[in-house]
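S.K.: File follows, run.pdb with PDB, C-alpha atoms:
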```pdb
ATOM      1  CA  MET A1217     161.118 274.408 142.791
ATOM      2  CA  SER A1218     164.280 276.420 142.280
ATOM      3  CA  LEU A1219     164.427 279.779 140.546
ATOM      4  CA  LYS A1220     166.489 278.187 137.762
ATOM      5  CA  GLN A1221     163.764 275.582 137.159
ATOM      6  CA  LEU A1222     161.059 278.273 137.104
ATOM      7  CA  LEU A1223     163.010 280.250 134.518
ATOM      8  CA  SER A1224     163.489 277.116 132.421
ATOM      9  CA  PHE A1225     159.769 276.309 132.502
ATOM     10  CA  ALA A1226     158.967 279.912 131.576
ATOM     11  CA  ALA A1227     161.329 279.811 128.628
ATOM     12  CA  MET A1228     159.831 276.508 127.447
ATOM     13  CA  ALA A1229     156.314 277.910 127.737
ATOM     14  CA  ALA A1230     157.294 280.939 125.715
ATOM     15  CA  LEU A1231     158.856 278.747 123.030
ATOM     16  CA  LEU A1232     155.769 276.529 122.815
ATOM     17  CA  SER A1233     153.582 279.617 122.619
ATOM     18  CA  SER A1234     155.772 280.960 119.817
ATOM     19  CA  CYS A1235     155.587 277.660 117.904
ATOM     20  CA  ALA A1236     151.814 277.581 118.328
ATOM     21  CA  LYS A1237     151.641 281.109 116.944
ATOM     22  CA  VAL A1238     153.724 280.087 113.914
ATOM     23  CA  GLN A1239     151.452 277.092 113.354
ATOM     24  CA  GLU A1240     148.377 279.323 113.582
ATOM     25  CA  ASP A1241     149.924 281.738 111.096
ATOM     26  CA  ARG A1242     150.842 278.924 108.719
ATOM     27  CA  ALA A1243     147.303 277.598 108.932
ATOM     28  CA  ALA A1244     146.070 280.982 107.783
ATOM     29  CA  VAL A1245     148.342 281.072 104.748
ATOM     30  CA  PRO A1246     145.936 279.242 102.366
ATOM     31  CA  ASP A1247     143.466 282.091 102.847
ATOM     32  CA  MET A1248     145.935 284.505 101.266
ATOM     33  CA  SER A1249     145.443 284.810  97.537
ATOM     34  CA  VAL A1250     148.286 285.128  95.060
ATOM     35  CA  CYS A1251     148.840 288.731  93.960
ATOM     36  CA  TYR A1252     151.507 290.317  91.791
ATOM     37  CA  GLN A1253     153.800 293.306  92.259
ATOM     38  CA  VAL A1254     154.354 294.514  88.720
ATOM     39  CA  VAL A1255     156.865 296.874  87.133
ATOM     40  CA  SER A1256     158.103 297.297  83.568
ATOM     41  CA  THR A1257     161.570 298.350  82.366
ATOM     42  CA  THR A1258     165.047 297.303  83.324
ATOM     43  CA  LYS A1259     166.567 300.074  85.427
ATOM     44  CA  ALA A1260     163.576 302.166  86.327
ATOM     45  CA  ALA A1261     160.714 300.998  88.471
ATOM     46  CA  SER A1262     158.079 302.611  86.312
ATOM     47  CA  ALA A1263     154.473 301.721  86.835
ATOM     48  CA  TYR A1264     153.158 298.957  84.613
ATOM     49  CA  PRO A1265     149.991 300.223  82.856
ATOM     50  CA  GLU A1266     146.941 299.353  84.936
ATOM     51  CA  ASP A1267     144.853 298.917  81.791
ATOM     52  CA  ARG A1268     147.107 296.197  80.339
ATOM     53  CA  PRO A1269     146.238 292.692  81.626
ATOM     54  CA  PHE A1270     148.849 289.989  81.311
ATOM     55  CA  VAL A1271     148.823 286.208  81.545
ATOM     56  CA  SER A1272     150.655 284.135  84.143
ATOM     57  CA  TRP A1273     151.535 280.524  84.844
ATOM     58  CA  ALA A1274     152.738 279.071  88.144
ATOM     59  CA  TRP A1275     154.461 275.752  88.744
ATOM     60  CA  TYR A1276     154.497 273.942  92.090
ATOM     61  CA  LEU A1277     157.339 272.026  93.714
ATOM     62  CA  PRO A1278     157.069 270.370  97.154
ATOM     63  CA  ASP A1279     159.451 271.067 100.017
ATOM     64  CA  GLY A1280     162.839 269.516  99.427
ATOM     65  CA  ARG A1281     162.729 270.145  95.680
ATOM     66  CA  SER A1282     164.489 273.025  93.890
ATOM     67  CA  TRP A1283     163.700 274.627  90.559
ATOM     68  CA  ALA A1284     167.333 274.368  89.430
ATOM     69  CA  GLN A1285     167.426 270.608  89.930
ATOM     70  CA  ASP A1286     163.806 269.467  89.768
ATOM     71  CA  SER A1287     161.912 271.819  87.430
ATOM     72  CA  GLY A1288     161.002 268.828  85.254
ATOM     73  CA  GLU A1289     158.900 267.483  88.145
ATOM     74  CA  ALA A1290     156.975 270.743  88.670
ATOM     75  CA  GLN A1291     153.181 270.571  88.600
ATOM     76  CA  LEU A1292     151.016 273.216  86.961
ATOM     77  CA  TYR A1293     149.356 275.318  89.676
ATOM     78  CA  ILE A1294     148.088 278.411  87.805
ATOM     79  CA  PRO A1295     147.238 277.437  84.210
ATOM     80  CA  GLY A1296     147.832 280.587  82.213
ATOM     81  CA  GLU A1297     145.321 282.867  83.903
ATOM     82  CA  THR A1298     144.728 286.489  82.981
ATOM     83  CA  VAL A1299     145.979 288.893  85.640
ATOM     84  CA  SER A1300     144.235 292.283  85.856
ATOM     85  CA  TYR A1301     144.469 295.258  88.152
ATOM     86  CA  ASP A1302     141.669 295.288  90.733
ATOM     87  CA  ARG A1303     141.023 298.921  91.628
ATOM     88  CA  ILE A1304     139.036 297.994  94.717
ATOM     89  CA  LEU A1305     141.736 295.725  96.119
ATOM     90  CA  GLN A1306     144.451 297.925  94.565
ATOM     91  CA  ALA A1307     146.250 294.776  93.543
ATOM     92  CA  TRP A1308     147.114 292.717  90.469
ATOM     93  CA  THR A1309     145.336 289.386  90.707
ATOM     94  CA  THR A1310     143.388 286.746  88.792
ATOM     95  CA  ALA A1311     139.590 286.730  88.467
ATOM     96  CA  THR A1312     139.567 283.254  90.017
ATOM     97  CA  ALA A1313     141.446 283.415  93.286
ATOM     98  CA  TYR A1314     144.476 281.175  93.699
ATOM     99  CA  TYR A1315     145.835 280.670  97.199
ATOM    100  CA  TRP A1316     149.355 280.068  98.367
ATOM    101  CA  PRO A1317     149.970 276.411  99.285
ATOM    102  CA  LYS A1318     150.833 275.613 102.919
ATOM    103  CA  SER A1319     154.149 274.122 101.911
ATOM    104  CA  GLY A1320     156.391 273.958  98.888
ATOM    105  CA  SER A1321     157.156 276.717  96.404
ATOM    106  CA  LEU A1322     155.705 278.304  93.277
ATOM    107  CA  THR A1323     157.650 279.463  90.232
ATOM    108  CA  PHE A1324     155.943 282.059  88.026
ATOM    109  CA  MET A1325     156.170 282.886  84.325
ATOM    110  CA  SER A1326     154.256 285.854  82.895
ATOM    111  CA  LEU A1327     153.690 287.403  79.474
ATOM    112  CA  SER A1328     152.197 290.693  78.315
ATOM    113  CA  PRO A1329     149.806 291.573  76.778
ATOM    114  CA  ALA A1330     147.218 288.972  77.751
ATOM    115  CA  ASN A1331     145.571 288.828  74.329
ATOM    116  CA  LEU A1332     148.583 286.864  73.045
ATOM    117  CA  ALA A1333     147.778 283.953  75.366
ATOM    118  CA  GLY A1334     146.043 281.909  72.689
ATOM    119  CA  ASP A1335     149.271 281.620  70.705
ATOM    120  CA  VAL A1336     151.547 280.799  73.649
ATOM    121  CA  SER A1337     152.775 277.565  75.176
ATOM    122  CA  CYS A1338     154.376 277.378  78.598
ATOM    123  CA  SER A1339     156.201 274.494  80.224
ATOM    124  CA  PRO A1340     158.635 274.090  83.137
ATOM    125  CA  ASP A1341     161.357 272.754  80.854
ATOM    126  CA  LYS A1342     161.172 275.322  78.014
ATOM    127  CA  GLY A1343     159.436 278.294  79.589
ATOM    128  CA  ILE A1344     157.238 280.599  77.500
ATOM    129  CA  GLU A1345     157.233 280.045  73.740
ATOM    130  CA  LEU A1346     155.352 281.849  70.979
ATOM    131  CA  SER A1347     155.585 282.733  67.319
ATOM    132  CA  PHE A1348     155.299 286.440  66.610
ATOM    133  CA  ASN A1349     155.025 288.656  63.537
ATOM    134  CA  VAL A1350     155.749 292.362  63.951
ATOM    135  CA  ALA A1351     154.134 293.203  60.605
ATOM    136  CA  ASP A1352     150.845 291.667  61.771
ATOM    137  CA  ASN A1353     151.147 293.211  65.247
ATOM    138  CA  PRO A1354     152.658 296.668  64.644
ATOM    139  CA  ASP A1355     151.336 298.141  67.892
ATOM    140  CA  VAL A1356     152.044 295.223  70.238
ATOM    141  CA  ASP A1357     154.781 295.713  72.831
ATOM    142  CA  LEU A1358     155.692 292.100  73.576
ATOM    143  CA  MET A1359     157.010 291.719  77.128
ATOM    144  CA  VAL A1360     157.939 288.750  79.291
ATOM    145  CA  ALA A1361     158.660 288.925  83.005
ATOM    146  CA  ASP A1362     161.775 287.566  84.643
ATOM    147  CA  ILE A1363     160.974 284.086  85.921
ATOM    148  CA  ALA A1364     160.089 284.389  89.608
ATOM    149  CA  VAL A1365     161.672 281.257  91.030
ATOM    150  CA  GLU A1366     160.656 279.381  94.192
ATOM    151  CA  HIS A1367     158.364 281.811  95.955
ATOM    152  CA  ARG A1368     156.663 280.662  99.123
ATOM    153  CA  ALA A1369     153.730 281.700 101.229
ATOM    154  CA  ALA A1370     154.433 284.505 103.671
ATOM    155  CA  VAL A1371     152.477 285.350 106.767
ATOM    156  CA  GLU A1372     152.730 289.111 106.446
ATOM    157  CA  HIS A1373     150.175 290.657 104.082
ATOM    158  CA  ARG A1374     151.714 291.775 100.780
ATOM    159  CA  ALA A1375     155.017 290.122 101.651
ATOM    160  CA  ASN A1376     154.056 287.282  99.319
ATOM    161  CA  ASP A1377     153.165 289.386  96.268
ATOM    162  CA  VAL A1378     154.941 287.892  93.266
ATOM    163  CA  PRO A1379     157.721 290.201  91.962
ATOM    164  CA  THR A1380     156.885 290.561  88.264
ATOM    165  CA  ILE A1381     159.516 292.516  86.342
ATOM    166  CA  PHE A1382     158.591 292.852  82.682
ATOM    167  CA  ARG A1383     161.213 293.358  79.988
ATOM    168  CA  HIS A1384     160.672 294.175  76.314
ATOM    169  CA  LYS A1385     161.366 291.240  74.014
ATOM    170  CA  LEU A1386     161.338 293.195  70.779
ATOM    171  CA  ALA A1387     163.655 295.984  69.706
ATOM    172  CA  LYS A1388     162.358 299.428  68.784
ATOM    173  CA  VAL A1389     163.536 302.060  66.320
ATOM    174  CA  VAL A1390     162.846 305.330  68.100
ATOM    175  CA  SER A1391     164.336 308.136  65.996
ATOM    176  CA  PHE A1392     165.821 309.272  62.707
ATOM    177  CA  THR A1393     167.748 312.524  62.379
ATOM    178  CA  MET A1394     168.770 313.899  58.983
ATOM    179  CA  LYS A1395     171.066 316.804  58.162
ATOM    180  CA  THR A1396     173.176 318.176  55.331
ATOM    181  CA  ASP A1397     176.949 318.063  55.548
ATOM    182  CA  ARG A1398     177.187 321.862  55.248
ATOM    183  CA  ASP A1399     175.071 324.967  54.753
ATOM    184  CA  TYR A1400     174.172 325.196  51.068
ATOM    185  CA  GLY A1401     172.722 328.682  51.291
ATOM    186  CA  ALA A1402     169.204 330.022  51.086
ATOM    187  CA  PHE A1403     167.170 328.418  48.346
ATOM    188  CA  SER A1404     165.781 331.850  47.440
ATOM    189  CA  THR A1405     169.192 332.904  46.089
ATOM    190  CA  VAL A1406     170.637 331.764  42.774
ATOM    191  CA  GLY A1407     172.639 328.608  43.333
ATOM    192  CA  GLY A1408     170.934 327.891  46.638
ATOM    193  CA  LYS A1409     169.929 324.311  47.272
ATOM    194  CA  ARG A1410     167.012 322.654  49.036
ATOM    195  CA  PHE A1411     167.075 319.062  50.299
ATOM    196  CA  THR A1412     163.731 317.354  50.840
ATOM    197  CA  LEU A1413     163.205 313.919  52.354
ATOM    198  CA  ASN A1414     160.629 311.670  50.698
ATOM    199  CA  ARG A1415     160.955 308.269  52.331
ATOM    200  CA  ILE A1416     162.922 306.217  54.868
ATOM    201  CA  SER A1417     162.390 302.471  54.997
ATOM    202  CA  PHE A1418     163.938 299.130  55.865
ATOM    203  CA  ALA A1419     163.974 296.235  53.406
ATOM    204  CA  GLY A1420     164.995 292.602  53.647
ATOM    205  CA  VAL A1421     164.605 292.406  57.424
ATOM    206  CA  TYR A1422     162.934 289.497  59.187
ATOM    207  CA  THR A1423     159.440 290.167  60.495
ATOM    208  CA  SER A1424     158.540 286.751  61.983
ATOM    209  CA  GLY A1425     160.215 284.531  64.538
ATOM    210  CA  THR A1426     159.770 282.287  67.543
ATOM    211  CA  TYR A1427     160.554 283.560  71.005
ATOM    212  CA  ALA A1428     161.453 281.232  73.882
ATOM    213  CA  SER A1429     162.141 282.406  77.429
ATOM    214  CA  GLY A1430     163.971 279.316  78.642
ATOM    215  CA  ASN A1431     163.468 278.188  82.213
ATOM    216  CA  SER A1432     166.310 280.111  83.921
ATOM    217  CA  THR A1433     168.179 276.954  84.972
ATOM    218  CA  VAL A1434     171.868 276.536  84.208
ATOM    219  CA  SER A1435     171.391 273.410  82.106
ATOM    220  CA  GLY A1436     168.067 274.401  80.555
ATOM    221  CA  PRO A1437     167.358 276.160  77.241
ATOM    222  CA  LYS A1438     168.374 279.803  76.976
ATOM    223  CA  GLU A1439     166.262 282.792  76.113
ATOM    224  CA  GLY A1440     166.249 283.939  72.519
ATOM    225  CA  TRP A1441     164.631 284.246  69.099
ATOM    226  CA  SER A1442     164.857 281.615  66.375
ATOM    227  CA  GLY A1443     163.139 280.524  63.161
ATOM    228  CA  HIS A1444     163.377 283.964  61.551
ATOM    229  CA  SER A1445     161.387 284.422  58.363
ATOM    230  CA  GLY A1446     159.416 286.937  56.369
ATOM    231  CA  GLY A1447     160.725 290.103  54.913
ATOM    232  CA  GLY A1448     159.626 293.211  53.135
ATOM    233  CA  ASP A1449     159.552 296.924  53.576
ATOM    234  CA  MET A1450     158.999 298.526  56.966
ATOM    235  CA  ASP A1451     158.494 302.259  56.589
ATOM    236  CA  TRP A1452     159.646 304.872  59.057
ATOM    237  CA  HIS A1453     158.491 307.785  56.912
ATOM    238  CA  ASP A1454     156.622 307.779  53.627
ATOM    239  CA  GLY A1455     154.681 310.871  52.747
ATOM    240  CA  SER A1456     154.979 314.607  52.344
ATOM    241  CA  GLY A1457     158.464 316.000  51.857
ATOM    242  CA  ILE A1458     160.413 317.156  54.902
ATOM    243  CA  LYS A1459     163.019 319.900  54.579
ATOM    244  CA  ILE A1460     166.510 318.776  55.603
ATOM    245  CA  THR A1461     168.811 321.424  57.071
ATOM    246  CA  HIS A1462     172.420 321.632  58.191
ATOM    247  CA  ASP A1463     171.218 322.010  61.789
ATOM    248  CA  GLY A1464     169.474 318.646  61.631
ATOM    249  CA  THR A1465     165.875 317.558  61.248
ATOM    250  CA  ALA A1466     164.071 315.011  63.395
ATOM    251  CA  VAL A1467     162.104 312.871  60.955
ATOM    252  CA  PRO A1468     158.644 312.011  62.269
ATOM    253  CA  GLY A1469     157.780 308.355  62.049
ATOM    254  CA  LYS A1470     155.409 305.977  63.746
ATOM    255  CA  ASP A1471     154.096 307.362  67.036
ATOM    256  CA  GLY A1472     155.839 305.616  69.890
ATOM    257  CA  GLY A1473     158.494 304.107  67.650
ATOM    258  CA  LEU A1474     158.690 301.163  65.269
ATOM    259  CA  PHE A1475     158.728 297.700  66.849
ATOM    260  CA  VAL A1476     161.191 295.412  65.065
ATOM    261  CA  LEU A1477     162.120 291.766  65.479
ATOM    262  CA  PRO A1478     165.441 291.069  67.230
ATOM    263  CA  GLN A1479     167.793 289.603  64.619
ATOM    264  CA  SER A1480     171.284 289.425  63.217
ATOM    265  CA  PHE A1481     171.383 291.117  59.838
ATOM    266  CA  GLY A1482     171.741 289.180  56.629
ATOM    267  CA  GLN A1483     173.067 290.556  53.364
ATOM    268  CA  ASP A1484     169.602 291.560  52.194
ATOM    269  CA  ALA A1485     168.782 293.738  55.212
ATOM    270  CA  VAL A1486     169.152 297.364  54.139
ATOM    271  CA  LEU A1487     168.199 300.874  55.144
ATOM    272  CA  ILE A1488     166.889 302.992  52.269
ATOM    273  CA  VAL A1489     166.477 306.748  52.035
ATOM    274  CA  GLU A1490     164.863 308.679  49.185
ATOM    275  CA  TYR A1491     165.231 312.450  48.876
ATOM    276  CA  THR A1492     165.189 315.296  46.382
ATOM    277  CA  ILE A1493     167.865 317.968  45.770
ATOM    278  CA  GLU A1494     166.623 321.185  44.197
ATOM    279  CA  THR A1495     168.909 323.933  42.874
ATOM    280  CA  ASN A1496     167.769 327.514  42.247
ATOM    281  CA  ILE A1497     168.611 328.466  38.652
ATOM    282  CA  ALA A1498     168.222 332.073  37.535
ATOM    283  CA  ASP A1499     165.172 332.736  35.368
ATOM    284  CA  ALA A1500     164.288 329.049  35.166
ATOM    285  CA  GLU A1501     162.483 326.318  37.008
ATOM    286  CA  PRO A1502     164.600 324.816  39.845
ATOM    287  CA  HIS A1503     166.667 321.843  38.819
ATOM    288  CA  GLN A1504     165.502 318.682  40.606
ATOM    289  CA  GLU A1505     167.472 315.535  41.262
ATOM    290  CA  LYS A1506     165.760 312.585  42.922
ATOM    291  CA  VAL A1507     168.181 310.419  44.874
ATOM    292  CA  THR A1508     167.824 306.936  46.349
ATOM    293  CA  GLU A1509     170.586 305.632  48.607
ATOM    294  CA  SER A1510     170.857 302.467  50.655
ATOM    295  CA  VAL A1511     173.234 300.836  53.097
ATOM    296  CA  LYS A1512     173.467 297.332  54.468
ATOM    297  CA  LEU A1513     172.366 297.340  58.083
ATOM    298  CA  SER A1514     175.255 294.996  58.886
ATOM    299  CA  GLU A1515     177.627 297.852  58.016
ATOM    300  CA  LEU A1516     176.033 300.022  60.722
ATOM    301  CA  HIS A1517     175.616 297.469  63.495
ATOM    302  CA  SER A1518     175.477 293.704  63.759
ATOM    303  CA  SER A1519     171.915 293.248  64.988
ATOM    304  CA  TRP A1520     168.735 294.533  66.531
ATOM    305  CA  GLU A1521     168.855 293.211  70.094
ATOM    306  CA  MET A1522     166.066 292.532  72.542
ATOM    307  CA  ASN A1523     165.171 295.359  74.890
ATOM    308  CA  ARG A1524     167.174 297.927  72.909
ATOM    309  CA  GLN A1525     166.131 301.250  71.392
ATOM    310  CA  ILE A1526     167.805 302.224  68.125
ATOM    311  CA  SER A1527     168.438 305.675  66.668
ATOM    312  CA  TYR A1528     169.817 306.584  63.242
ATOM    313  CA  THR A1529     171.505 309.744  61.966
ATOM    314  CA  LEU A1530     171.928 310.382  58.226
ATOM    315  CA  THR A1531     174.169 313.173  56.905
ATOM    316  CA  ILE A1532     173.600 314.056  53.248
ATOM    317  CA  GLY A1533     176.001 315.758  50.864
ATOM    318  CA  LEU A1534     176.035 316.325  47.129
ATOM    319  CA  ASP A1535     178.272 313.336  46.482
ATOM    320  CA  SER A1536     177.892 311.095  49.523
ATOM    321  CA  ILE A1537     175.852 310.177  52.550
ATOM    322  CA  GLU A1538     177.056 309.194  55.999
ATOM    323  CA  TRP A1539     175.093 306.708  58.086
ATOM    324  CA  GLU A1540     175.261 306.281  61.857
ATOM    325  CA  ALA A1541     173.403 303.995  64.231
ATOM    326  CA  SER A1542     173.278 303.920  68.012
ATOM    327  CA  ALA A1543     171.475 301.699  70.485
ATOM    328  CA  GLU A1544     170.709 301.942  74.180
ATOM    329  CA  GLU A1545     168.860 299.985  76.783
ATOM    330  CA  TRP A1546     165.114 300.352  76.448
ATOM    331  CA  GLN A1547     163.924 302.303  79.473
ATOM    332  CA  ASP A1548     160.407 303.562  80.032
ATOM    333  CA  ARG A1549     161.617 306.522  82.068
ATOM    334  CA  ASP A1550     164.667 307.704  83.945
ATOM    335  CA  GLY A1551     165.146 306.374  87.432
ATOM    336  CA  GLY A1552     167.085 304.161  89.784
ATOM    337  CA  ASP A1553     167.349 300.445  90.173
ATOM    338  CA  ILE A1554     164.238 298.345  90.572
ATOM    339  CA  THR A1555     163.359 297.438  94.121
ATOM    340  CA  ILE A1556     160.790 294.740  94.871
TER     341      ILE A1556
END
```
Spell out the structure here as structure tokens.

M.R.:
Amino acid sequence: MSLKQLLSFAAMAALLSSCAKVQEDRAAVPDMSVCYQVVSTTKAASAYPEDRPFVSWAWYLPDGRSWAQDSGEAQLYIPGETVSYDRILQAWTTATAYYWPKSGSLTFMSLSPANLAGDVSCSPDKGIELSFNVADNPDVDLMVADIAVEHRAAVEHRANDVPTIFRHKLAKVVSFTMKTDRDYGAFSTVGGKRFTLNRISFAGVYTSGTYASGNSTVSGPKEGWSGHSGGGDMDWHDGSGIKITHDGTAVPGKDGGLFVLPQSFGQDAVLIVEYTIETNIADAEPHQEKVTESVKLSELHSSWEMNRQISYTLTIGLDSIEWEASAEEWQDRDGGDITI
């Protein structure tokens, strides 16, 4: 046998050995359970709280099928299971193990927190859908993960963890700052004035709606809120008076911010502020004037948007009040881009 033939046989043997190794590895894939790599926020890869279980669905498509074209044919593979952090395994996983299929792909949809699961529907054509009321759930940070499309089994450990990037689906009012338009002098002197805040609230805003994630396909339904209803006061501050100064006063409100429903503002949606102006009068009780002012939210900005944090600044004078609103992307902490 020639040297060329020997080299050819050696190469063929190596190739067959390599294929056999791949087949052995693929055979081992079903023994690898589905785990999740979880982060929350949009630009910062902050740790998702380990004490906050979420719920996840997975949909199966066989080889040769794509989510973009064939999502309507997808079969339910993980039926809305609670995913918790296992401190022993140091991994996010379900109590009942689910294993990666030998072939085909899985598409994942996830929602947080898990205790909302009873009110949620999930389908491959519409995605995650639920009705939500912020007045009934004032402390619930509703989050939905980006749909993780067409993930397949991987041989390498951890390489197949499902990238689960949660984003906030409510908006949140995070701060109010109040100040006077100029320095009105020390209240202890005759003619000095003192401004005291009594209440800040919203009225006529929607508190209920239906969220739908869509299914991330070009022709499928899009993400958004609909069916807005409800209404009533939502207080930021209602209690003891807070002194307002020319330097500015941060008005304490709900710890962690006020969750609000994403919405475009109607004519009835207003921001209301109530305060008292006292004037020092010589040899007499201070003169008090109680003031209530309001502004249509639509005059400050067009809407509360998903995954946005909103701040307000109010500047008070004797004859007028200036209102300002600003919004920024809701980030859990500073940092760089997410890497999965």

S.K.: Give me, as a CSV table (one decimal) with C-alpha atoms, in the frame of the given file, all polymer residues having an atom no more than 10 Å from Lys1459 of chain A, counting only C-alpha atoms and skipping those fewer than 2 positions away in the same chain.

M.R.:
```csv
chain,number,residue,atom,x,y,z
A,1394,MET,CA,168.8,313.9,59.0
A,1395,LYS,CA,171.1,316.8,58.2
A,1410,ARG,CA,167.0,322.7,49.0
A,1411,PHE,CA,167.1,319.1,50.3
A,1412,THR,CA,163.7,317.4,50.8
A,1413,LEU,CA,163.2,313.9,52.4
A,1414,ASN,CA,160.6,311.7,50.7
A,1456,SER,CA,155.0,314.6,52.3
A,1457,GLY,CA,158.5,316.0,51.9
A,1461,THR,CA,168.8,321.4,57.1
A,1464,GLY,CA,169.5,318.6,61.6
A,1465,THR,CA,165.9,317.6,61.2
A,1467,VAL,CA,162.1,312.9,61.0
A,1491,TYR,CA,165.2,312.4,48.9
A,1492,THR,CA,165.2,315.3,46.4
```

S.K.: Would you please work out which residue, of A:Leu1327, A:Ala1500, A:Leu1322, A:Ala1351, is nearest to Ala1428 of chain A when using all atoms listed in the file?

M.R.: A:Leu1327

S.K.: Might you pull out every residue within 8 Å of Tyr1427 of chain A, with only C-alpha atoms counted and same-chain residues fewer than 5 positions away left off, and present them as a compact mmCIF listing (two decimals) with C-alpha atoms, in the coordinates of the input?

M.R.:
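What landed in part.txt:
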```
# COMPACT_ATOMS: atom_id res chain seq x y z
CA ILE A 1344 157.24 280.60 77.50
CA GLU A 1345 157.23 280.04 73.74
CA LEU A 1346 155.35 281.85 70.98
CA SER A 1347 155.58 282.73 67.32
CA PHE A 1348 155.30 286.44 66.61
CA GLU A 1439 166.26 282.79 76.11
CA GLY A 1440 166.25 283.94 72.52
CA TRP A 1441 164.63 284.25 69.10
CA SER A 1442 164.86 281.62 66.38
```

S.K.: Using only C-alpha atoms, pick whichever of A:Ser1424, A:Gln1291, A:Gly1296, A:Ala1274 has the shortest atom-to-atom distance to Ala1364 of chain A.

M.R.: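 Closest candidate: A:Ala1274.
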
S.K.: Using atom CA of Ser1337 of chain A and atom CA of Ile1363 of chain A as the two end points, give the distance in Å to one decimal.

M.R.: 15.0 Å

S.K.: Please measure the separation of atom CA of Thr1310 of chain A and atom CA of Cys1251 of chain A, giving the value in Å to one decimal.

M.R.: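 Computing the Euclidean distance for atom CA of Thr1310 of chain A and atom CA of Cys1251 of chain A yields 7.8 Å.
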
S.K.: What residues come out when you apply the PyMOL selection byres ((chain A and resi 1525) around 9) to this file, written as a ChimeraX atom specification?

M.R.: /A:1387-1391,1473,1520-1524,1526-1527,1542-1547

S.K.: Calculated over all atoms listed in the file, which of the candidates A:Leu1358, A:Ala1369, A:Ile1294, A:Ile1381 has the smallest distance to Val1255 of chain A?

M.R.: A:Ile1381

S.K.: Could you spell out the hits of the PyMOL selection byres ((chain A and resi 1328-1336) around 12) on the shown file, as a PyMOL selection string?

M.R.: chain A and resi 1254-1256+1264-1273+1295-1300+1310+1325-1327+1337-1339+1342-1349+1353+1355-1362+1380-1385+1426-1429

S.K.: Please provide the set of residues having any atom within 7 Å of segment 1276-1278 of chain A, restricted to all atoms listed in the file, with same-chain residues fewer than 6 positions apart removed, written as JSON, numbers by chain.

M.R.: {"A": [1290, 1291, 1292, 1293, 1319, 1320, 1321, 1322, 1323]}

S.K.: Figure out the distance between atom CA of Thr1393 of chain A and atom CA of Ile1537 of chain A, please, to one decimal in Å.

M.R.: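 If I compute the distance from atom CA of Ile1537 of chain A to atom CA of Thr1393 of chain A, I get 13.0 Å.
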
S.K.: Produce a table with one row for each residue of segment 1273-1357 of chain A that has an atom at most 10 Å from any atom of segment 1376-1379 of chain A, each row naming the nearest atom pair and its distance in Å at one decimal; use only C-alpha atoms; arrange rows by chain and rising residue number; format as a tab-separated table.

M.R.:
```
residue	atom	partner	partner_atom	distance
A:Ala1307	CA	A:Asp1377	CA	9.2
A:Trp1308	CA	A:Asp1377	CA	9.0
A:Thr1309	CA	A:Asp1377	CA	9.6
A:Trp1316	CA	A:Asn1376	CA	8.7
A:Leu1322	CA	A:Val1378	CA	9.6
A:Thr1323	CA	A:Val1378	CA	9.4
A:Phe1324	CA	A:Val1378	CA	7.9
```

S.K.: Which one of A:Pro1354, A:Ala1311, A:Ser1249, A:Ser1432 sits closest to Gln1285 of chain A if you count all atoms listed in the file?

M.R.: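 Ranking A:Pro1354, A:Ala1311, A:Ser1249, A:Ser1432 by distance to Gln1285 of chain A, first place goes to A:Ser1432.
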